[in-house]
There are 2 protein chains.
Amino acid sequence: MRPTTETIQERFRRHRVRLTPQRAAIYGALAGTTSHPTADDLYRVVKRRHPMISRNTVYYTLGVLRETGLVREVNVGHEGARFDANMSLHHHLICLACRQIQDITDDALNRLTVSQGDFEILGHRVEFHGYCAKCRRLGLAKAASI
Amino acid sequence: MRPTTETIQERFRRHRVRLTPQRAAIYGALAGTTSHPTADDLYRVVKRRHPMISRNTVYYTLGVLRETGLVREVNVGHEGARFDANMSLHHHLICLACRQIQDITDDALNRLTVSQGDFEILGHRVEFHGYCAKCRRLGLAKAASI
DNA sequence: ATGATATCTAGGAATCATTCCTAGATAGGT
DNA sequence: ACCTATCTAGGAATGATTCCTAGATATCAT
């Protein structure tokens, strides 16, 4: 088992991704939240410590991290891409009102399959949608769909 | 059971959507394919019989049809929206190489649930990804992810 | 440590899908 | 046939993302 104390340095080296202060900040910000931020959310967070960073660097870095398997993208309809540094197999629960995304860990969902002849299936995603507790309390349970 | 011979006129009337020649053409083109076209795909098809139609009309119409439950959007990553006039409960199989989307009808998938405390779940979507027979034959099974 | 170089960063311009705005046209109820 | 709310076409605007480029820098070989 991999030690849970793996540093960002070690993780980047393992994935053969060049480490820069900007990249550490971007990845660190993403890995430190479960809120599935957009590229622009991350840009605004990282900008606090790296005032000169450009959006381009954030987009480029997220692209590199995605290609090397350090992060993945999550969709909410066709809204801007949202990112997730949690690479373990899991699924999502999306609030139709506030667009919050919650993680779902559920073995039954992870094991889903279908038989589809000559289509080679490599993976799947399940997303549930509805209204979170907060939005229900606030009476927002009537907004758009996905 | 609803007769299978329902006309576009009847269907639009039932959903209280004003029927115009452009709308009939857009909806007809979408209902007549299982290829999950983009708005621009539909624009190009409809333009053959309605040379003056604007993209705006296609986008606006698809928005109206979506809001009234006559069509729905399907996502492939964050690529442009794709549309589906098949409103029956079903899921999708997406080719990572050619981006083809196949429908899956499977009761077990339709019945999926998770218990998530105070989140009110209203629906879910399952998408499988992999490589279709054609792309496997062509050796394209190595392209991007979703 | 040093240097070489492939890769990264910042910034601005460009792109692309989609939405906004508006004036003239039209579907559908009366 | 008429009225009017709604639709259409076209062009401008937007917003997320990508492209381009010159200067900076991480990493590797020495």
# chains A, B, ... in the order shown; residues from 1 in each chain; ligands from 1
$ select_by_dssp --residues "chain B" --states "alpha helix (DSSP H)" --output "PyMOL selection string"
chain B and resi 8-14+21-31+39-47+55-67+107-110+133-137
$ write_last_selection --atoms "C-alpha atoms" --output "PDB file, in the first residue's frame"
ATOM      1  CA  ILE B   8     -45.687  16.366 -34.948  1.00  0.00           C
ATOM      2  CA  GLN B   9     -48.685  18.714 -34.891  1.00  0.00           C
ATOM      3  CA  GLU B  10     -50.354  16.663 -32.177  1.00  0.00           C
ATOM      4  CA  ARG B  11     -47.183  16.326 -30.184  1.00  0.00           C
ATOM      5  CA  PHE B  12     -46.433  20.040 -30.256  1.00  0.00           C
ATOM      6  CA  ARG B  13     -50.016  20.856 -29.353  1.00  0.00           C
ATOM      7  CA  ARG B  14     -49.898  18.419 -26.469  1.00  0.00           C
ATOM      8  CA  PRO B  21     -42.115  25.094 -40.399  1.00  0.00           C
ATOM      9  CA  GLN B  22     -38.653  25.650 -38.956  1.00  0.00           C
ATOM     10  CA  ARG B  23     -39.557  23.933 -35.718  1.00  0.00           C
ATOM     11  CA  ALA B  24     -41.124  21.010 -37.512  1.00  0.00           C
ATOM     12  CA  ALA B  25     -37.977  20.629 -39.577  1.00  0.00           C
ATOM     13  CA  ILE B  26     -35.671  20.827 -36.558  1.00  0.00           C
ATOM     14  CA  TYR B  27     -37.707  18.444 -34.463  1.00  0.00           C
ATOM     15  CA  GLY B  28     -38.263  16.104 -37.393  1.00  0.00           C
ATOM     16  CA  ALA B  29     -34.559  15.952 -38.146  1.00  0.00           C
ATOM     17  CA  LEU B  30     -33.756  15.180 -34.526  1.00  0.00           C
ATOM     18  CA  ALA B  31     -36.536  12.619 -34.084  1.00  0.00           C
ATOM     19  CA  ALA B  39     -27.214  22.127 -32.668  1.00  0.00           C
ATOM     20  CA  ASP B  40     -24.919  22.868 -35.567  1.00  0.00           C
ATOM     21  CA  ASP B  41     -25.439  19.426 -37.094  1.00  0.00           C
ATOM     22  CA  LEU B  42     -29.172  20.112 -37.050  1.00  0.00           C
ATOM     23  CA  TYR B  43     -28.639  23.589 -38.458  1.00  0.00           C
ATOM     24  CA  ARG B  44     -26.789  22.153 -41.425  1.00  0.00           C
ATOM     25  CA  VAL B  45     -29.414  19.487 -42.072  1.00  0.00           C
ATOM     26  CA  VAL B  46     -32.378  21.839 -41.785  1.00  0.00           C
ATOM     27  CA  LYS B  47     -30.654  24.465 -43.905  1.00  0.00           C
ATOM     28  CA  ARG B  55     -28.413  29.218 -36.202  1.00  0.00           C
ATOM     29  CA  ASN B  56     -30.167  31.353 -33.658  1.00  0.00           C
ATOM     30  CA  THR B  57     -33.511  29.799 -34.541  1.00  0.00           C
ATOM     31  CA  VAL B  58     -32.057  26.350 -34.102  1.00  0.00           C
ATOM     32  CA  TYR B  59     -30.615  27.219 -30.693  1.00  0.00           C
ATOM     33  CA  TYR B  60     -33.779  29.003 -29.611  1.00  0.00           C
ATOM     34  CA  THR B  61     -36.003  26.165 -30.780  1.00  0.00           C
ATOM     35  CA  LEU B  62     -33.892  23.509 -29.106  1.00  0.00           C
ATOM     36  CA  GLY B  63     -34.125  25.542 -25.922  1.00  0.00           C
ATOM     37  CA  VAL B  64     -37.906  25.660 -26.151  1.00  0.00           C
ATOM     38  CA  LEU B  65     -38.140  21.954 -26.917  1.00  0.00           C
ATOM     39  CA  ARG B  66     -35.857  21.182 -24.005  1.00  0.00           C
ATOM     40  CA  GLU B  67     -37.859  23.301 -21.570  1.00  0.00           C
ATOM     41  CA  ASP B 107     -34.167  -1.932 -16.506  1.00  0.00           C
ATOM     42  CA  ALA B 108     -31.497  -2.562 -13.902  1.00  0.00           C
ATOM     43  CA  LEU B 109     -29.828   0.739 -14.803  1.00  0.00           C
ATOM     44  CA  ASN B 110     -33.160   2.534 -14.771  1.00  0.00           C
ATOM     45  CA  ALA B 133     -16.539  -1.937 -32.933  1.00  0.00           C
ATOM     46  CA  LYS B 134     -15.624   0.279 -35.856  1.00  0.00           C
ATOM     47  CA  CYS B 135     -12.984   2.277 -34.000  1.00  0.00           C
ATOM     48  CA  ARG B 136     -11.489  -0.897 -32.572  1.00  0.00           C
ATOM     49  CA  ARG B 137     -11.193  -2.343 -36.061  1.00  0.00           C
TER      50      ARG B 137
END
$ calpha_fit_and_write --fixed "chain A" --moving "chain B" --output "short mmCIF file (atom, residue, chain, number, x, y, z; two decimals) with N, CA and C atoms, in the first residue's frame"
data_model
loop_
_atom_site.label_atom_id
_atom_site.label_comp_id
_atom_site.auth_asym_id
_atom_site.auth_seq_id
_atom_site.Cartn_x
_atom_site.Cartn_y
_atom_site.Cartn_z
N MET B 1 0.50 -1.09 0.15
CA MET B 1 -0.35 0.12 0.14
C MET B 1 0.53 1.37 0.13
N ARG B 2 0.12 2.35 -0.67
CA ARG B 2 0.90 3.58 -0.75
C ARG B 2 0.74 4.36 0.56
N PRO B 3 1.87 4.90 1.08
CA PRO B 3 1.72 5.68 2.32
C PRO B 3 0.81 6.87 2.09
N THR B 4 0.04 7.20 3.08
CA THR B 4 -0.90 8.31 2.93
C THR B 4 -0.18 9.64 3.04
N THR B 5 1.11 9.57 3.30
CA THR B 5 1.87 10.81 3.51
C THR B 5 2.60 11.25 2.25
N GLU B 6 2.26 10.69 1.12
CA GLU B 6 2.95 11.07 -0.12
C GLU B 6 2.88 12.58 -0.32
N THR B 7 4.00 13.16 -0.63
CA THR B 7 4.02 14.61 -0.85
C THR B 7 3.65 14.92 -2.30
N ILE B 8 3.38 16.20 -2.53
CA ILE B 8 3.10 16.62 -3.91
C ILE B 8 4.32 16.35 -4.79
N GLN B 9 5.50 16.63 -4.26
CA GLN B 9 6.73 16.34 -5.02
C GLN B 9 6.77 14.90 -5.49
N GLU B 10 6.53 13.99 -4.52
CA GLU B 10 6.58 12.56 -4.86
C GLU B 10 5.51 12.20 -5.87
N ARG B 11 4.34 12.75 -5.68
CA ARG B 11 3.24 12.40 -6.57
C ARG B 11 3.51 12.89 -7.99
N PHE B 12 4.01 14.12 -8.11
CA PHE B 12 4.32 14.63 -9.44
C PHE B 12 5.44 13.82 -10.08
N ARG B 13 6.43 13.48 -9.30
CA ARG B 13 7.55 12.70 -9.83
C ARG B 13 7.05 11.35 -10.32
N ARG B 14 6.20 10.74 -9.51
CA ARG B 14 5.65 9.44 -9.88
C ARG B 14 4.90 9.52 -11.21
N HIS B 15 4.20 10.64 -11.44
CA HIS B 15 3.44 10.79 -12.69
C HIS B 15 4.25 11.48 -13.78
N ARG B 16 5.52 11.74 -13.47
CA ARG B 16 6.42 12.38 -14.45
C ARG B 16 5.85 13.73 -14.92
N VAL B 17 5.46 14.53 -13.95
CA VAL B 17 4.99 15.88 -14.27
C VAL B 17 5.96 16.87 -13.63
N ARG B 18 6.43 17.80 -14.40
CA ARG B 18 7.37 18.78 -13.88
C ARG B 18 6.68 19.64 -12.83
N LEU B 19 7.37 19.83 -11.73
CA LEU B 19 6.76 20.56 -10.62
C LEU B 19 7.23 22.01 -10.60
N THR B 20 6.27 22.93 -10.60
CA THR B 20 6.60 24.35 -10.47
C THR B 20 5.75 24.89 -9.32
N PRO B 21 6.12 26.04 -8.79
CA PRO B 21 5.32 26.59 -7.69
C PRO B 21 3.86 26.79 -8.09
N GLN B 22 3.64 27.22 -9.33
CA GLN B 22 2.27 27.42 -9.79
C GLN B 22 1.50 26.09 -9.80
N ARG B 23 2.16 25.07 -10.30
CA ARG B 23 1.49 23.77 -10.37
C ARG B 23 1.20 23.22 -8.99
N ALA B 24 2.16 23.40 -8.09
CA ALA B 24 1.92 22.92 -6.72
C ALA B 24 0.72 23.64 -6.13
N ALA B 25 0.65 24.94 -6.39
CA ALA B 25 -0.46 25.71 -5.83
C ALA B 25 -1.80 25.28 -6.43
N ILE B 26 -1.81 25.06 -7.74
CA ILE B 26 -3.06 24.66 -8.40
C ILE B 26 -3.49 23.29 -7.92
N TYR B 27 -2.55 22.36 -7.94
CA TYR B 27 -2.90 21.00 -7.52
C TYR B 27 -3.27 20.98 -6.05
N GLY B 28 -2.51 21.71 -5.23
CA GLY B 28 -2.81 21.75 -3.80
C GLY B 28 -4.19 22.30 -3.52
N ALA B 29 -4.55 23.36 -4.24
CA ALA B 29 -5.87 23.95 -4.03
C ALA B 29 -6.97 22.95 -4.40
N LEU B 30 -6.75 22.23 -5.50
CA LEU B 30 -7.77 21.28 -5.93
C LEU B 30 -7.84 20.08 -4.99
N ALA B 31 -6.68 19.59 -4.57
CA ALA B 31 -6.66 18.40 -3.71
C ALA B 31 -7.19 18.72 -2.31
N GLY B 32 -7.20 20.01 -1.97
CA GLY B 32 -7.61 20.39 -0.63
C GLY B 32 -9.10 20.72 -0.50
N THR B 33 -9.86 20.46 -1.53
CA THR B 33 -11.29 20.76 -1.46
C THR B 33 -12.08 19.60 -2.04
N THR B 34 -13.33 19.49 -1.64
CA THR B 34 -14.20 18.49 -2.28
C THR B 34 -15.28 19.21 -3.09
N SER B 35 -15.04 20.50 -3.40
CA SER B 35 -16.10 21.29 -4.02
C SER B 35 -16.11 21.23 -5.55
N HIS B 36 -15.19 20.49 -6.15
CA HIS B 36 -15.17 20.36 -7.61
C HIS B 36 -15.18 21.72 -8.30
N PRO B 37 -14.14 22.51 -8.05
CA PRO B 37 -14.09 23.88 -8.60
C PRO B 37 -13.87 23.91 -10.10
N THR B 38 -14.20 25.04 -10.71
CA THR B 38 -13.89 25.28 -12.12
C THR B 38 -12.45 25.77 -12.23
N ALA B 39 -11.97 25.84 -13.47
CA ALA B 39 -10.63 26.38 -13.70
C ALA B 39 -10.56 27.81 -13.16
N ASP B 40 -11.59 28.56 -13.36
CA ASP B 40 -11.58 29.94 -12.92
C ASP B 40 -11.63 30.05 -11.39
N ASP B 41 -12.36 29.16 -10.75
CA ASP B 41 -12.35 29.13 -9.28
C ASP B 41 -10.91 28.94 -8.80
N LEU B 42 -10.22 27.99 -9.41
CA LEU B 42 -8.84 27.70 -8.99
C LEU B 42 -7.93 28.89 -9.29
N TYR B 43 -8.16 29.51 -10.43
CA TYR B 43 -7.38 30.69 -10.79
C TYR B 43 -7.49 31.74 -9.70
N ARG B 44 -8.72 32.00 -9.26
CA ARG B 44 -8.92 33.03 -8.25
C ARG B 44 -8.30 32.66 -6.90
N VAL B 45 -8.37 31.40 -6.55
CA VAL B 45 -7.74 30.97 -5.29
C VAL B 45 -6.22 31.10 -5.36
N VAL B 46 -5.64 30.57 -6.43
CA VAL B 46 -4.19 30.54 -6.56
C VAL B 46 -3.63 31.94 -6.70
N LYS B 47 -4.40 32.81 -7.31
CA LYS B 47 -3.96 34.19 -7.53
C LYS B 47 -3.65 34.91 -6.22
N ARG B 48 -4.27 34.47 -5.14
CA ARG B 48 -4.00 35.11 -3.85
C ARG B 48 -2.54 34.99 -3.46
N ARG B 49 -1.93 33.84 -3.73
CA ARG B 49 -0.52 33.64 -3.37
C ARG B 49 0.41 33.84 -4.56
N HIS B 50 -0.16 33.82 -5.76
CA HIS B 50 0.64 33.99 -6.98
C HIS B 50 -0.04 35.05 -7.83
N PRO B 51 0.09 36.29 -7.43
CA PRO B 51 -0.69 37.36 -8.09
C PRO B 51 -0.44 37.48 -9.59
N MET B 52 0.73 37.01 -10.05
CA MET B 52 1.05 37.16 -11.46
C MET B 52 0.57 35.98 -12.31
N ILE B 53 0.01 34.97 -11.67
CA ILE B 53 -0.35 33.78 -12.45
C ILE B 53 -1.42 34.14 -13.48
N SER B 54 -1.35 33.49 -14.61
CA SER B 54 -2.34 33.75 -15.67
C SER B 54 -3.35 32.61 -15.73
N ARG B 55 -4.52 32.94 -16.23
CA ARG B 55 -5.52 31.91 -16.44
C ARG B 55 -4.97 30.81 -17.33
N ASN B 56 -4.19 31.23 -18.31
CA ASN B 56 -3.64 30.27 -19.25
C ASN B 56 -2.86 29.19 -18.53
N THR B 57 -2.06 29.57 -17.56
CA THR B 57 -1.28 28.60 -16.80
C THR B 57 -2.19 27.62 -16.08
N VAL B 58 -3.28 28.13 -15.55
CA VAL B 58 -4.21 27.26 -14.85
C VAL B 58 -4.82 26.26 -15.84
N TYR B 59 -5.27 26.76 -16.98
CA TYR B 59 -5.85 25.85 -17.97
C TYR B 59 -4.81 24.84 -18.46
N TYR B 60 -3.62 25.35 -18.75
CA TYR B 60 -2.57 24.46 -19.28
C TYR B 60 -2.22 23.40 -18.25
N THR B 61 -2.05 23.82 -17.01
CA THR B 61 -1.69 22.89 -15.95
C THR B 61 -2.79 21.85 -15.73
N LEU B 62 -4.03 22.29 -15.70
CA LEU B 62 -5.11 21.33 -15.51
C LEU B 62 -5.14 20.33 -16.67
N GLY B 63 -4.81 20.80 -17.85
CA GLY B 63 -4.73 19.88 -18.99
C GLY B 63 -3.65 18.84 -18.79
N VAL B 64 -2.49 19.28 -18.34
CA VAL B 64 -1.38 18.35 -18.09
C VAL B 64 -1.76 17.36 -16.99
N LEU B 65 -2.33 17.86 -15.93
CA LEU B 65 -2.70 16.98 -14.81
C LEU B 65 -3.76 15.97 -15.24
N ARG B 66 -4.66 16.43 -16.09
CA ARG B 66 -5.70 15.52 -16.59
C ARG B 66 -5.07 14.42 -17.44
N GLU B 67 -4.19 14.83 -18.37
CA GLU B 67 -3.58 13.84 -19.27
C GLU B 67 -2.75 12.82 -18.51
N THR B 68 -2.15 13.23 -17.41
CA THR B 68 -1.28 12.32 -16.67
C THR B 68 -2.04 11.59 -15.57
N GLY B 69 -3.32 11.82 -15.48
CA GLY B 69 -4.11 11.06 -14.52
C GLY B 69 -4.02 11.55 -13.09
N LEU B 70 -3.65 12.81 -12.89
CA LEU B 70 -3.62 13.34 -11.53
C LEU B 70 -4.94 13.99 -11.15
N VAL B 71 -5.69 14.43 -12.13
CA VAL B 71 -7.02 14.99 -11.85
C VAL B 71 -7.97 14.52 -12.94
N ARG B 72 -9.26 14.68 -12.68
CA ARG B 72 -10.21 14.41 -13.75
C ARG B 72 -11.27 15.50 -13.81
N GLU B 73 -11.93 15.56 -14.94
CA GLU B 73 -12.99 16.54 -15.13
C GLU B 73 -14.33 15.92 -14.78
N VAL B 74 -15.22 16.75 -14.30
CA VAL B 74 -16.58 16.33 -14.00
C VAL B 74 -17.51 17.27 -14.76
N ASN B 75 -18.60 16.74 -15.28
CA ASN B 75 -19.54 17.59 -16.01
C ASN B 75 -20.77 17.87 -15.18
N VAL B 76 -21.25 19.08 -15.31
CA VAL B 76 -22.61 19.38 -14.87
C VAL B 76 -23.25 19.99 -16.10
N GLY B 77 -24.04 19.21 -16.78
CA GLY B 77 -24.62 19.68 -18.03
C GLY B 77 -23.51 20.17 -18.95
N HIS B 78 -23.73 21.32 -19.58
CA HIS B 78 -22.68 21.87 -20.43
C HIS B 78 -22.06 23.10 -19.82
N GLU B 79 -22.15 23.18 -18.52
CA GLU B 79 -21.49 24.29 -17.85
C GLU B 79 -19.98 24.08 -17.91
N GLY B 80 -19.25 25.13 -17.53
CA GLY B 80 -17.80 25.06 -17.56
C GLY B 80 -17.27 23.84 -16.82
N ALA B 81 -16.13 23.34 -17.28
CA ALA B 81 -15.55 22.13 -16.70
C ALA B 81 -15.27 22.30 -15.22
N ARG B 82 -15.50 21.23 -14.46
CA ARG B 82 -15.14 21.25 -13.06
C ARG B 82 -14.16 20.12 -12.80
N PHE B 83 -13.30 20.32 -11.81
CA PHE B 83 -12.17 19.40 -11.63
C PHE B 83 -12.21 18.71 -10.28
N ASP B 84 -11.57 17.56 -10.25
CA ASP B 84 -11.61 16.69 -9.10
C ASP B 84 -10.25 16.00 -8.98
N ALA B 85 -9.61 16.18 -7.83
CA ALA B 85 -8.32 15.51 -7.62
C ALA B 85 -8.51 14.14 -6.98
N ASN B 86 -9.74 13.79 -6.67
CA ASN B 86 -10.02 12.48 -6.09
C ASN B 86 -10.13 11.47 -7.22
N MET B 87 -9.07 10.69 -7.42
CA MET B 87 -9.03 9.78 -8.55
C MET B 87 -9.55 8.39 -8.20
N SER B 88 -10.01 8.19 -6.98
CA SER B 88 -10.55 6.87 -6.65
C SER B 88 -11.91 6.72 -7.33
N LEU B 89 -12.28 5.49 -7.57
CA LEU B 89 -13.52 5.22 -8.29
C LEU B 89 -14.71 5.70 -7.47
N HIS B 90 -15.42 6.67 -8.02
CA HIS B 90 -16.59 7.16 -7.30
C HIS B 90 -17.53 7.84 -8.28
N HIS B 91 -18.71 8.20 -7.79
CA HIS B 91 -19.72 8.80 -8.65
C HIS B 91 -20.22 10.09 -8.00
N HIS B 92 -21.21 10.74 -8.63
CA HIS B 92 -21.58 12.08 -8.16
C HIS B 92 -23.08 12.29 -7.99
N LEU B 93 -23.35 13.21 -7.10
CA LEU B 93 -24.69 13.62 -6.76
C LEU B 93 -24.69 15.13 -7.00
N ILE B 94 -25.59 15.61 -7.87
CA ILE B 94 -25.52 17.00 -8.29
C ILE B 94 -26.80 17.72 -7.91
N CYS B 95 -26.65 18.84 -7.22
CA CYS B 95 -27.82 19.64 -6.86
C CYS B 95 -28.25 20.50 -8.04
N LEU B 96 -29.49 20.36 -8.46
CA LEU B 96 -29.99 21.09 -9.62
C LEU B 96 -30.10 22.58 -9.34
N ALA B 97 -30.16 22.98 -8.09
CA ALA B 97 -30.31 24.40 -7.77
C ALA B 97 -28.94 25.05 -7.62
N CYS B 98 -28.11 24.58 -6.70
CA CYS B 98 -26.85 25.29 -6.41
C CYS B 98 -25.67 24.70 -7.17
N ARG B 99 -25.89 23.61 -7.91
CA ARG B 99 -24.84 22.98 -8.72
C ARG B 99 -23.73 22.38 -7.88
N GLN B 100 -23.98 22.24 -6.59
CA GLN B 100 -23.02 21.54 -5.74
C GLN B 100 -22.86 20.10 -6.22
N ILE B 101 -21.67 19.56 -6.13
CA ILE B 101 -21.42 18.17 -6.50
C ILE B 101 -20.91 17.42 -5.27
N GLN B 102 -21.62 16.37 -4.88
CA GLN B 102 -21.16 15.53 -3.77
C GLN B 102 -20.64 14.22 -4.31
N ASP B 103 -19.63 13.67 -3.65
CA ASP B 103 -19.11 12.37 -4.05
C ASP B 103 -19.98 11.25 -3.48
N ILE B 104 -20.10 10.20 -4.27
CA ILE B 104 -20.77 8.98 -3.81
C ILE B 104 -19.78 7.83 -3.94
N THR B 105 -19.60 7.11 -2.86
CA THR B 105 -18.79 5.90 -2.94
C THR B 105 -19.73 4.73 -2.70
N ASP B 106 -19.82 3.85 -3.67
CA ASP B 106 -20.81 2.79 -3.59
C ASP B 106 -20.37 1.65 -4.49
N ASP B 107 -20.03 0.53 -3.86
CA ASP B 107 -19.50 -0.59 -4.62
C ASP B 107 -20.44 -1.08 -5.71
N ALA B 108 -21.74 -1.08 -5.40
CA ALA B 108 -22.69 -1.57 -6.40
C ALA B 108 -22.62 -0.71 -7.66
N LEU B 109 -22.52 0.60 -7.48
CA LEU B 109 -22.40 1.49 -8.64
C LEU B 109 -21.08 1.23 -9.38
N ASN B 110 -20.02 1.01 -8.62
CA ASN B 110 -18.72 0.80 -9.25
C ASN B 110 -18.71 -0.44 -10.13
N ARG B 111 -19.53 -1.42 -9.77
CA ARG B 111 -19.49 -2.70 -10.48
C ARG B 111 -20.46 -2.80 -11.64
N LEU B 112 -21.20 -1.73 -11.93
CA LEU B 112 -22.20 -1.79 -13.01
C LEU B 112 -21.61 -2.25 -14.34
N THR B 113 -22.40 -3.03 -15.05
CA THR B 113 -22.00 -3.40 -16.41
C THR B 113 -23.25 -3.50 -17.27
N VAL B 114 -23.04 -3.50 -18.57
CA VAL B 114 -24.09 -3.86 -19.51
C VAL B 114 -23.41 -4.68 -20.60
N SER B 115 -24.17 -5.53 -21.23
CA SER B 115 -23.59 -6.30 -22.34
C SER B 115 -23.96 -5.57 -23.61
N GLN B 116 -22.97 -5.14 -24.34
CA GLN B 116 -23.25 -4.37 -25.55
C GLN B 116 -22.39 -4.89 -26.69
N GLY B 117 -22.64 -6.15 -27.03
CA GLY B 117 -22.04 -6.78 -28.19
C GLY B 117 -20.58 -6.43 -28.40
N ASP B 118 -20.33 -5.75 -29.50
CA ASP B 118 -18.94 -5.54 -29.89
C ASP B 118 -18.41 -4.18 -29.47
N PHE B 119 -19.06 -3.56 -28.53
CA PHE B 119 -18.55 -2.31 -27.96
C PHE B 119 -17.64 -2.70 -26.80
N GLU B 120 -16.43 -2.19 -26.78
CA GLU B 120 -15.50 -2.49 -25.69
C GLU B 120 -15.65 -1.44 -24.59
N ILE B 121 -16.25 -1.83 -23.48
CA ILE B 121 -16.51 -0.86 -22.42
C ILE B 121 -15.32 -0.76 -21.48
N LEU B 122 -14.89 0.47 -21.25
CA LEU B 122 -13.72 0.68 -20.39
C LEU B 122 -14.05 1.33 -19.06
N GLY B 123 -15.19 1.98 -18.99
CA GLY B 123 -15.52 2.63 -17.73
C GLY B 123 -16.93 3.16 -17.78
N HIS B 124 -17.36 3.70 -16.68
CA HIS B 124 -18.69 4.29 -16.67
C HIS B 124 -18.76 5.34 -15.57
N ARG B 125 -19.78 6.18 -15.68
CA ARG B 125 -20.04 7.20 -14.68
C ARG B 125 -21.52 7.21 -14.38
N VAL B 126 -21.83 7.41 -13.13
CA VAL B 126 -23.22 7.54 -12.74
C VAL B 126 -23.36 8.90 -12.07
N GLU B 127 -24.38 9.64 -12.46
CA GLU B 127 -24.66 10.87 -11.74
C GLU B 127 -26.13 10.90 -11.37
N PHE B 128 -26.36 11.24 -10.12
CA PHE B 128 -27.72 11.41 -9.62
C PHE B 128 -27.98 12.89 -9.55
N HIS B 129 -29.20 13.32 -9.83
CA HIS B 129 -29.49 14.73 -9.63
C HIS B 129 -30.75 14.92 -8.82
N GLY B 130 -30.78 16.03 -8.13
CA GLY B 130 -31.91 16.32 -7.26
C GLY B 130 -31.62 17.62 -6.52
N TYR B 131 -32.09 17.71 -5.30
CA TYR B 131 -31.88 18.94 -4.55
C TYR B 131 -31.25 18.63 -3.21
N CYS B 132 -30.21 19.39 -2.88
CA CYS B 132 -29.50 19.17 -1.63
C CYS B 132 -30.35 19.72 -0.47
N ALA B 133 -29.99 19.31 0.72
CA ALA B 133 -30.74 19.69 1.92
C ALA B 133 -30.90 21.21 2.01
N LYS B 134 -29.80 21.91 1.78
CA LYS B 134 -29.82 23.36 1.93
C LYS B 134 -30.80 24.01 0.95
N CYS B 135 -30.73 23.60 -0.31
CA CYS B 135 -31.61 24.21 -1.31
C CYS B 135 -33.06 23.83 -1.06
N ARG B 136 -33.29 22.64 -0.53
CA ARG B 136 -34.68 22.29 -0.20
C ARG B 136 -35.20 23.19 0.92
N ARG B 137 -34.36 23.40 1.92
CA ARG B 137 -34.77 24.28 3.03
C ARG B 137 -35.06 25.68 2.53
N LEU B 138 -34.26 26.13 1.57
CA LEU B 138 -34.43 27.49 1.06
C LEU B 138 -35.54 27.57 0.01
N GLY B 139 -36.18 26.44 -0.25
CA GLY B 139 -37.27 26.46 -1.23
C GLY B 139 -36.81 26.66 -2.65
N LEU B 140 -35.59 26.26 -2.95
CA LEU B 140 -35.06 26.45 -4.30
C LEU B 140 -35.34 25.25 -5.19
N ALA B 141 -36.07 24.29 -4.65
CA ALA B 141 -36.27 23.05 -5.39
C ALA B 141 -37.26 23.20 -6.53
N LYS B 142 -36.88 23.96 -7.50
CA LYS B 142 -37.72 24.10 -8.68
C LYS B 142 -36.93 24.62 -9.88
N ALA B 143 -35.65 24.82 -9.67
CA ALA B 143 -34.82 25.43 -10.71
C ALA B 143 -34.66 24.52 -11.93
N ALA B 144 -33.66 24.82 -12.71
CA ALA B 144 -33.46 24.17 -13.99
C ALA B 144 -33.13 22.68 -13.86
N SER B 145 -32.99 22.04 -15.01
CA SER B 145 -32.54 20.66 -15.05
C SER B 145 -31.10 20.65 -15.54
N ILE B 146 -30.64 19.47 -15.86
CA ILE B 146 -29.25 19.38 -16.29
C ILE B 146 -29.16 19.19 -17.79
#
$ interface_residues --of "chain C" --to "chain A" --cutoff "12 Å" --atoms "only C-alpha atoms (C1' of nucleotides)" --output "MDAnalysis selection string"
chainID C and resid 6:12 17:18
$ select_by_dssp --residues "region 41-112 of chain A" --states "strand (DSSP E or B)" --output "CSV table (one decimal) with N, CA and C atoms, in the first residue's frame"
chain,number,residue,atom,x,y,z
A,72,ARG,N,-9.3,14.7,-12.7
A,72,ARG,CA,-10.2,14.4,-13.7
A,72,ARG,C,-11.3,15.5,-13.8
A,73,GLU,N,-12.0,15.6,-14.9
A,73,GLU,CA,-13.0,16.6,-15.1
A,73,GLU,C,-14.4,15.9,-14.8
A,74,VAL,N,-15.2,16.8,-14.3
A,74,VAL,CA,-16.6,16.4,-14.0
A,74,VAL,C,-17.5,17.3,-14.7
A,82,ARG,N,-15.5,21.3,-14.4
A,82,ARG,CA,-15.2,21.3,-13.0
A,82,ARG,C,-14.2,20.2,-12.8
A,83,PHE,N,-13.3,20.4,-11.8
A,83,PHE,CA,-12.2,19.4,-11.6
A,83,PHE,C,-12.2,18.7,-10.3
A,84,ASP,N,-11.6,17.6,-10.2
A,84,ASP,CA,-11.6,16.7,-9.1
A,84,ASP,C,-10.3,16.0,-9.0
A,91,HIS,N,-18.7,8.2,-7.8
A,91,HIS,CA,-19.8,8.8,-8.6
A,91,HIS,C,-20.3,10.1,-8.0
A,92,HIS,N,-21.2,10.8,-8.6
A,92,HIS,CA,-21.6,12.1,-8.1
A,92,HIS,C,-23.1,12.3,-8.0
A,93,LEU,N,-23.4,13.2,-7.1
A,93,LEU,CA,-24.7,13.6,-6.8
A,93,LEU,C,-24.8,15.1,-7.0
A,94,ILE,N,-25.6,15.6,-7.9
A,94,ILE,CA,-25.6,17.0,-8.3
A,94,ILE,C,-26.8,17.7,-7.9
A,95,CYS,N,-26.7,18.9,-7.2
A,95,CYS,CA,-27.9,19.7,-6.9
A,95,CYS,C,-28.3,20.5,-8.1
A,101,ILE,N,-21.7,19.6,-6.1
A,101,ILE,CA,-21.5,18.2,-6.5
A,101,ILE,C,-21.0,17.4,-5.3
A,102,GLN,N,-21.7,16.4,-4.9
A,102,GLN,CA,-21.2,15.6,-3.8
A,102,GLN,C,-20.7,14.2,-4.3
A,103,ASP,N,-19.7,13.7,-3.6
A,103,ASP,CA,-19.2,12.4,-4.0
A,103,ASP,C,-20.0,11.3,-3.5
A,104,ILE,N,-20.1,10.2,-4.2
A,104,ILE,CA,-20.8,9.0,-3.8
A,104,ILE,C,-19.8,7.9,-3.9
